[in-house]
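Below is one structure; the comments refer to it alone.
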Amino acid sequence: MGTTAGPSGGSPYVAVDAGSVFTKAYVLDDVDGERRLVAVGRAPSDGDDGHPARDQAVARAVAQALAIGGYSGDARTDVAVTLRTHVPRVVVAAAREDAAREAAEQIERLPVRVVERVALAGGAGGAERLLGALEELTPDALIIVAAADGRGAEGKATLGALEALRFSGLAPFVVLVGQIPEGAALLDGVRHAVAPAADGAAVAAALAPLVEASSLDGVRVGTEIVAERYDVDVLTLDLGASHAVAVLASGTTGRRRVVAVARDDLGLRRGRPEILAKAGVEALLRWLPIDVDGEALRSDARRGLIAPAALPETPEELLLEHAFAREALRLLLADLPKGVAGGAAGLPPVDLVIGSGGPLAGAPRLSQAAMILLDAVQPEALTQLALDRATALPLLGHLGASAGHANVGAALERDGLLNLGLCIAPIGSGREGETAVRVEVAFATRSPVTVEVPFGAIEVVPLGIGERASLKLWPSRDFDVGLGRGNAATPRAEVEGGAVGIIIDARGRPLALPDAREKRQAKLLQWLQATRAYPQLSFVQPEE
Amino acid sequence: MTSLAQQLDSTDSAALPRADYPRRRPFMTRGGLRRARPIPTGGEALVRVGDHVESGARVARGAREMRATVIDLAASLGVDGDAARYLTRAVGDEVAQGEALAERRALGGLQRRAVRAPFSGRLAHVSEHTGLAYLVPPSAEQTVLAHLTGRVVAVDERAVTIEGSAFAVTARAGAGPAVAGVLMVAEALERLPRDVAGAIVACGFPVNEATVRALLDGGAAAIVAATVEEETLERLGWDDAFWARAGTPPPAPPATLLALSFSAAPPAGVWEALRALAGRPASALGWELTPDGGRITPELLVALGENAPSLYGLPEGGEADVELRPGTRVRAIAGRAIGLVGEVIALSPGPFRLRSEIGTEVADVSFPYGVRLRLPVTHLQVMP
């Protein structure tokens with residue numbers, strides 16, 4: 001063990017999140033009697049030759065974090081935990097198609113990716129389908145939902161699947177859910193069995209070796225911690241360089257439901273070709289206030305593969321990256337289990353949206369991260385926005401999972417999460433230019449401000465971190481801020497300020513962009529200027 | 001104490017992480033090299049410590065078990081469940097394609113139903129519960145080539161390690177297994193070398209579909225593209241071969257492919273070196289995995305041995321890690337200067353705000369014709 005002395009004389013807790021493109025190191029230490037996150041280090045996971053250099057990346061990130069935190073000594077400090085960003089790919093098999101579908105829907109609540117559902121019934125056909133799927137997809141795990149009756153036709157199908165596994169040529173991690181049919185002696189190679197129900201908790205326990213010390217599972221638990229601490233519905237969107245995860249924690253204490261969706265093909269660097277293929281050129285272009293052709297988009301997508309640690313050098317490249325981010329998150333949200341549908345983007349209303357992952361955390365202006373979240377999620381009525389600025393949510397979740405939620409103190413949570421501000425988004429549609437909502441902001445320490453925001457516009461009222469204000473909202477008769485159309489609302493509690501402020505998004509729900517390119521670009525520019533989200537674009541001449 | 005999240009909201013903050021690669025190695029090198037060739041799981045080494053091996057020599061082998069094909073014996077024979085008693089071959093037997101696996105006579109012998117093997121293989125199992133039979137094709141042999149000409153210095157259950165003297169150039173992307181052959185160079189599409197069968201053909205011009213077709217038709221073992229046109233990548237499906245989708249192995253190309261760059265022109269110096277080495281034994285490795293699932297760097301190795309050419313002053317350095325510092329020659333691998341080769345003039349002491357306002361470490365780089373650019377260090381690769 002290396003000797004490391006901190007500014008406070010203590011020895012720090014060092015954790016590493018080994019992503020496929022970036023490796024992050026975190027230093028936690030006791031500061032004034034509280035455990036705090038004091039520094040973050042980061043290094044590309046590959047060398048300059050484009051090929052993995054994982055050990056060196058960990059050493060570099062740890063050394064950097066220790067140096068930033070002001071720690072002396074060598075960099076051979078023990079790493080307490082290494083989180084890995086890996087989306088386990090799972091095949092779900094059941095005797096019947098509907099049973100496989102039901103099981104898949106339950107399993108999809110975890111940060112795993114169900115890559116195939118296999119119906120086992122049908123004699124040789126079922127076993128052949130299973131072997132074919134395993135051969136083609138080489139999943140990390142196979143989950144077999146056993147039939148209730150081990151002796152009937154469905155039991156036979158399950159048994160056939162278990163027998164077939166012996167001749168798959170592969171040894172995937174197997175989770176058996178439900179009753180084990182007769183012939184249990186055939187379970188050679190089955191490493192884990194869970195009985196009796198195919199519920200999420202049982203599968204979660206069985207999949208633990210796959211998701212243990214997983215940064216994605218950390219995001220899931222971290223979201224749950226925040227939801228429980230404040231008793232709010234939380235949606236976290238974690239967009240990495242080669243993964244994307246959405247976690248929704250809703251309901252009340254003791255009855256909270258947590259669902260997740262994870263994709264290993266929608267990352268903002270390595271997943272760009274897939275984002276482009278799935279969303280389409282037009283969907284990406286609609287977020288750009290500049291002219292870009294389809295070929296340039298394809299080149300950009302490929303460059304994400306060639307040099308994933310590269311950075312946008314110009315505002316135009318940054319806009320392109322953020323267009324990919326919006327579409328990646330929209331594709332991800334479309335994958336959330338069907339049972340949670342509702343709202344403009346197909347989501348139920350949430351109280352808090354958290355943005356996480358390098359591309360959002362590294363946005364040069366916080367209003368960029370806020371706009372990406374707003375465009376992807378399209379939250380309705382009143383929604384708080386937060387950003388995992390230190391990319392520490394996976395670590396906080398891991399600490400909560402391993403040492404108890406209470407172990408992640410409020411100070412530690414604030415070290416990672418930055419409050420961006422409140423978004424007020426009236427639901428409805430109106431005429432361009434006509435007032436959609438009037439908002440009065442009564443500050444604690446200065447004169448109140450009243451803002452009228454027309455339909456089709458977005459405005460920001462500054463309310464900094466640490467400031468408080470009370471609000472009064474008067475939506476026009478066609479708009480609803482949560483209490484019905486045209487009904488005024490006065491939130492009972494004061495609102496807390498954030499790094500961006502109060503965002504009044506009257507662009508309509510669902511958000512509609514003009515079809516005509518020039519009109520659309522003008523509209524986007526108007527929004528970006530209103531939120532001061534980007535530096536001046538090269539084709540916009542500065543005023544004399 | 002201000003929260004770390006708040007501290008990170010400034011490009012000038014000392015809390016901002018630095019951004020540089022954890023390892024820098026010259027894009028090409030010459031001298032003493034060392035390569036660990038992975039032994040497949042359950043496989044064996046075919047060489048011993050002290051053996052001299054050529055790049056194309058087999059140094060290890062393994063067998064990849066193939067998946068079974070499922071045959072519904074019970075349904076085919078028209079019986080319920082226990083089909084094992086109608087077997088004409090025993091479980092464990094090797095059977096030839098078309099050979100009867102099971103036979104049932106009914107109606108006093110007037111009706112005869114036979115189930116035949118759809119391919120040659122081993123009758124691995126017949127289930128007494130389901131009446132399904134599992135026919136497994138012969139295992140596929142996996143061979144591991146030496147890749148580096150030299151002497152075997154270590155053998156254990158995981159790898160055969162070889163040391164030798166070679167010229168190495170790292171590819172930005174690769175596909176296909178290691179293949180050995182004579183290095184041939186093609187100056188232009190109109191002047192492709194004749195008789196490329198089994199050769200590793202390096203192309204000093206932007207490779208397009210016509211080149212690839214001609215080389216594949218000629219039986220080239222590998223194509224080393226100094227640079228590849230973007231349209232070619234898309235049309236030939238090389239995107240999928242170079243950058244396989246998550247969790248899926250890439251499709252095996254008809255020849256091993258290496259792309260040294262994706263810029264308009266090949267990196268300076270590499271072409272001159274390859275031309276000087278034409279005719280020597282070489283090995284191209286596109287896409288191989290280590291036993292723990294890591295990816296082996298795609299590269300071209302050319303044996304040097306004695307009487308190696310000068311390689312236009314390429315210093316003998318082996319593969320020691322190098323640092324980025326003033327005076328280091330670099331090539332841009334991303335961003336506005338992609339493909340250009342220049343020299344680092346200065347490095348920023350801390351994060352610098354790019355035009356995009358992203359804060360990152362940068363280097364001032366001098367390019368030919370007096371061009372000076374300030375570029376993120378993560379856009380630069382070290383050149384010898």
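By order in the structure tokens, chains are A, B, ...; within a chain, residues start at 1; ligands start at 1, following the order shown.
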Self-check item: chain A contacts to chain B at 6 Å (only C-alpha atoms) as a ChimeraX atom specification
Solution: /A:41-44,47-48,51,56-57,68,124,128,167-169,310,313-315,364,389-390,415-416,418
Output C-alpha atoms for every residue in the selection just made, as an mmCIF file, in the first residue's frame.
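Result file follows (part30.cif):
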data_model
loop_
_atom_site.group_PDB
_atom_site.id
_atom_site.type_symbol
_atom_site.label_atom_id
_atom_site.label_comp_id
_atom_site.auth_asym_id
_atom_site.auth_seq_id
_atom_site.Cartn_x
_atom_site.Cartn_y
_atom_site.Cartn_z
ATOM 1 C CA GLY A 41 -9.353 12.585 -11.926
ATOM 2 C CA ARG A 42 -9.910 11.388 -15.443
ATOM 3 C CA ALA A 43 -7.906 9.788 -18.227
ATOM 4 C CA PRO A 44 -8.808 8.166 -21.519
ATOM 5 C CA GLY A 47 -3.506 4.905 -25.253
ATOM 6 C CA ASP A 48 -2.838 7.323 -28.110
ATOM 7 C CA HIS A 51 -5.913 0.589 -27.917
ATOM 8 C CA GLN A 56 -2.100 2.922 -16.957
ATOM 9 C CA ALA A 57 -5.424 4.768 -17.189
ATOM 10 C CA ILE A 68 -5.933 17.826 -7.466
ATOM 11 C CA ALA A 124 -36.664 -29.163 -31.616
ATOM 12 C CA GLU A 128 -32.795 -24.799 -31.827
ATOM 13 C CA PHE A 167 -24.357 -28.494 -26.329
ATOM 14 C CA SER A 168 -24.335 -24.762 -26.961
ATOM 15 C CA GLY A 169 -20.560 -24.553 -27.300
ATOM 16 C CA ALA A 310 -11.513 13.466 -29.058
ATOM 17 C CA GLU A 313 -13.100 22.056 -30.893
ATOM 18 C CA THR A 314 -15.654 24.506 -32.249
ATOM 19 C CA PRO A 315 -19.160 25.558 -31.195
ATOM 20 C CA PRO A 364 -18.985 23.865 -21.031
ATOM 21 C CA ARG A 389 -21.318 17.431 -12.461
ATOM 22 C CA ALA A 390 -18.617 15.273 -10.865
ATOM 23 C CA ASP A 415 -20.448 17.281 -3.887
ATOM 24 C CA GLY A 416 -21.583 15.214 -6.828
ATOM 25 C CA LEU A 418 -25.410 20.279 -8.853
#
Exercise. Please return as an NGL selection string: the residues of segment 356-493 of chain A that backbone DSSP assigns to helix (DSSP H, G or I).
Key: :A and (358-361 or 366-377 or 393-403 or 405-407 or 410-416)
Quiz item: Of the residues A:Leu511, A:Val58, A:Ala15, A:Ala469, which is the one nearest to Pro394 of chain A, using only C-alpha atoms?
Solution: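 Checking each candidate against Pro394 of chain A, we get A:Ala15 as the closest.
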Self-check item: Length of the atom CA of Gly164 of chain B to atom CA of Asp51 of chain B vector [Å]
Solution: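 Between these atoms lies a distance of 11.9 Å.
You can rank B:Leu192, B:Leu216, B:Leu236, B:Ala303 by their closest distance to Ala166 of chain B using only C-alpha atoms, and at the top of that list sits B:Ala303.
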Self-check item: Per-residue DSSP, segment 6-219 of chain B, filtered to strand (DSSP E), as a ChimeraX atom specification
Solution: /B:28-38,44-45,52-53,58-64,69-72,94-95,100-106,111-116,121-126,132-136,140-145,150-155,159-170,173-175,179-186,200-207
Practice problem: Give me the residues within 8 Å of Ala346 of chain B as a list in words, counting only C-alpha atoms and dropping any in the same chain fewer than 5 places off. | Solution: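 Answer for this query is Arg325, Pro326, Ala363, Asp364 and Val365 of chain B.
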Could those selected residues go to a file with C-alpha atoms, as a compact mmCIF listing (two decimals), in the first residue's frame?
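What ended up in again_24.txt:
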# COMPACT_ATOMS: atom_id res chain seq x y z
CA ARG B 325 6.90 17.29 -24.80
CA PRO B 326 8.20 20.20 -26.87
CA ALA B 363 -0.38 21.72 -27.38
CA ASP B 364 0.87 24.33 -29.81
CA VAL B 365 1.94 22.36 -32.87
Practice problem: Excluding Leu268 of chain A and any residue of its chain fewer than 4 positions from it, enumerate the residues within 8 Å of it, using only C-alpha atoms, and give them as a VMD selection string. | Solution: chain A and resid 239 to 243 272 304 321 324 to 325 328 359
Practice problem: Considering only C-alpha atoms, return as a PyMOL selection string whatever protein or nucleic-acid residues lie within 12 Å of Arg112 of chain B, sequence-local ones (same chain, fewer than 4 positions apart) excluded. | Solution: chain B and resi 76-78+86+100+102-108
Could you save those same residues with N, CA and C atoms as a PDB file, in the first residue's frame?
ATOM      1  N   SER B  76     -40.119 -37.152 -35.527  1.00  0.00           N
ATOM      2  CA  SER B  76     -39.831 -37.731 -36.840  1.00  0.00           C
ATOM      3  C   SER B  76     -40.185 -39.218 -36.903  1.00  0.00           C
ATOM      4  N   LEU B  77     -40.021 -39.868 -35.753  1.00  0.00           N
ATOM      5  CA  LEU B  77     -40.326 -41.309 -35.733  1.00  0.00           C
ATOM      6  C   LEU B  77     -41.792 -41.577 -35.413  1.00  0.00           C
ATOM      7  N   GLY B  78     -42.489 -40.501 -34.977  1.00  0.00           N
ATOM      8  CA  GLY B  78     -43.899 -40.670 -34.641  1.00  0.00           C
ATOM      9  C   GLY B  78     -44.097 -41.402 -33.329  1.00  0.00           C
ATOM     10  N   TYR B  86     -35.059 -46.519 -30.458  1.00  0.00           N
ATOM     11  CA  TYR B  86     -35.047 -46.719 -31.914  1.00  0.00           C
ATOM     12  C   TYR B  86     -33.706 -46.332 -32.544  1.00  0.00           C
ATOM     13  N   ALA B 100     -28.199 -43.191 -41.088  1.00  0.00           N
ATOM     14  CA  ALA B 100     -29.392 -43.269 -40.245  1.00  0.00           C
ATOM     15  C   ALA B 100     -28.999 -43.184 -38.776  1.00  0.00           C
ATOM     16  N   ALA B 102     -31.666 -43.156 -36.366  1.00  0.00           N
ATOM     17  CA  ALA B 102     -32.701 -43.952 -35.699  1.00  0.00           C
ATOM     18  C   ALA B 102     -33.671 -44.464 -36.765  1.00  0.00           C
ATOM     19  N   GLU B 103     -34.314 -45.539 -36.438  1.00  0.00           N
ATOM     20  CA  GLU B 103     -35.219 -46.144 -37.424  1.00  0.00           C
ATOM     21  C   GLU B 103     -36.371 -46.796 -36.672  1.00  0.00           C
ATOM     22  N   ARG B 104     -37.574 -46.676 -37.239  1.00  0.00           N
ATOM     23  CA  ARG B 104     -38.728 -47.325 -36.603  1.00  0.00           C
ATOM     24  C   ARG B 104     -39.565 -47.990 -37.682  1.00  0.00           C
ATOM     25  N   ARG B 105     -39.887 -49.234 -37.438  1.00  0.00           N
ATOM     26  CA  ARG B 105     -40.774 -49.951 -38.360  1.00  0.00           C
ATOM     27  C   ARG B 105     -42.141 -50.047 -37.711  1.00  0.00           C
ATOM     28  N   ALA B 106     -43.162 -49.817 -38.493  1.00  0.00           N
ATOM     29  CA  ALA B 106     -44.535 -49.894 -37.984  1.00  0.00           C
ATOM     30  C   ALA B 106     -45.391 -50.686 -38.967  1.00  0.00           C
ATOM     31  N   LEU B 107     -46.634 -50.881 -38.593  1.00  0.00           N
ATOM     32  CA  LEU B 107     -47.576 -51.624 -39.434  1.00  0.00           C
ATOM     33  C   LEU B 107     -46.969 -52.960 -39.868  1.00  0.00           C
ATOM     34  N   GLY B 108     -46.426 -53.663 -38.913  1.00  0.00           N
ATOM     35  CA  GLY B 108     -45.890 -54.988 -39.171  1.00  0.00           C
ATOM     36  C   GLY B 108     -44.710 -54.961 -40.121  1.00  0.00           C
TER      37      GLY B 108
END
Can you pull out every residue within 7 Å of Pro267 of chain B, counting only C-alpha atoms, but drop anything in the same chain fewer than 2 positions away, and send it as an mmCIF file with C-alpha atoms, in the first residue's frame?
data_model
loop_
_atom_site.group_PDB
_atom_site.id
_atom_site.type_symbol
_atom_site.label_atom_id
_atom_site.label_comp_id
_atom_site.auth_asym_id
_atom_site.auth_seq_id
_atom_site.Cartn_x
_atom_site.Cartn_y
_atom_site.Cartn_z
ATOM 1 C CA ALA B 265 -3.090 11.332 -46.956
ATOM 2 C CA GLY B 269 7.246 8.537 -43.126
ATOM 3 C CA VAL B 270 5.284 5.323 -43.003
ATOM 4 C CA GLY B 339 -3.880 13.668 -40.817
ATOM 5 C CA VAL B 341 2.133 15.675 -39.027
#
Practice problem: Please provide as a PyMOL selection string all residues within 6 Å of segment 271-285 of chain B, with the sequence filter that same-chain residues fewer than 2 positions apart are discarded (counting only C-alpha atoms). | Solution: chain B and resi 147+177-184+269+298-303+311
Dump of C-alpha atoms for the selected residues, as a compact mmCIF listing (two decimals), in the first residue's frame:
# COMPACT_ATOMS: atom_id res chain seq x y z
CA HIS B 147 3.09 -13.06 -35.75
CA PRO B 177 -6.84 -12.77 -37.79
CA ALA B 178 -3.03 -12.66 -37.91
CA VAL B 179 -1.72 -13.73 -41.32
CA ALA B 180 1.86 -14.01 -42.52
CA GLY B 181 3.22 -13.36 -45.99
CA VAL B 182 5.71 -11.40 -48.00
CA LEU B 183 5.26 -7.62 -47.84
CA MET B 184 4.43 -6.12 -51.21
CA GLY B 269 7.25 8.54 -43.13
CA PRO B 298 -3.98 -4.31 -34.74
CA GLU B 299 -0.59 -3.91 -36.35
CA LEU B 300 1.77 -4.77 -39.16
CA LEU B 301 5.10 -6.34 -38.27
CA VAL B 302 7.91 -6.70 -40.77
CA ALA B 303 10.87 -8.89 -39.84
CA LEU B 311 14.31 3.06 -42.84
Exercise. Work out how far apart atom CA of Ala283 of chain A and atom CA of Arg298 of chain A are and give it in Å to one decimal.
Key: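 Answer for the atom CA of Ala283 of chain A to atom CA of Arg298 of chain A separation: 13.4 Å.
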Quiz item: Which is closest to Gly50 of chain B among B:Gly150, B:Pro251, B:Gly305, B:Gly342, if we use only C-alpha atoms?
Solution: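 Selected residue with least distance to Gly50 of chain B: B:Gly150.
For the pair atom CA of Ala161 of chain A and atom CA of Pro250 of chain B, the separation is 27.3 Å.
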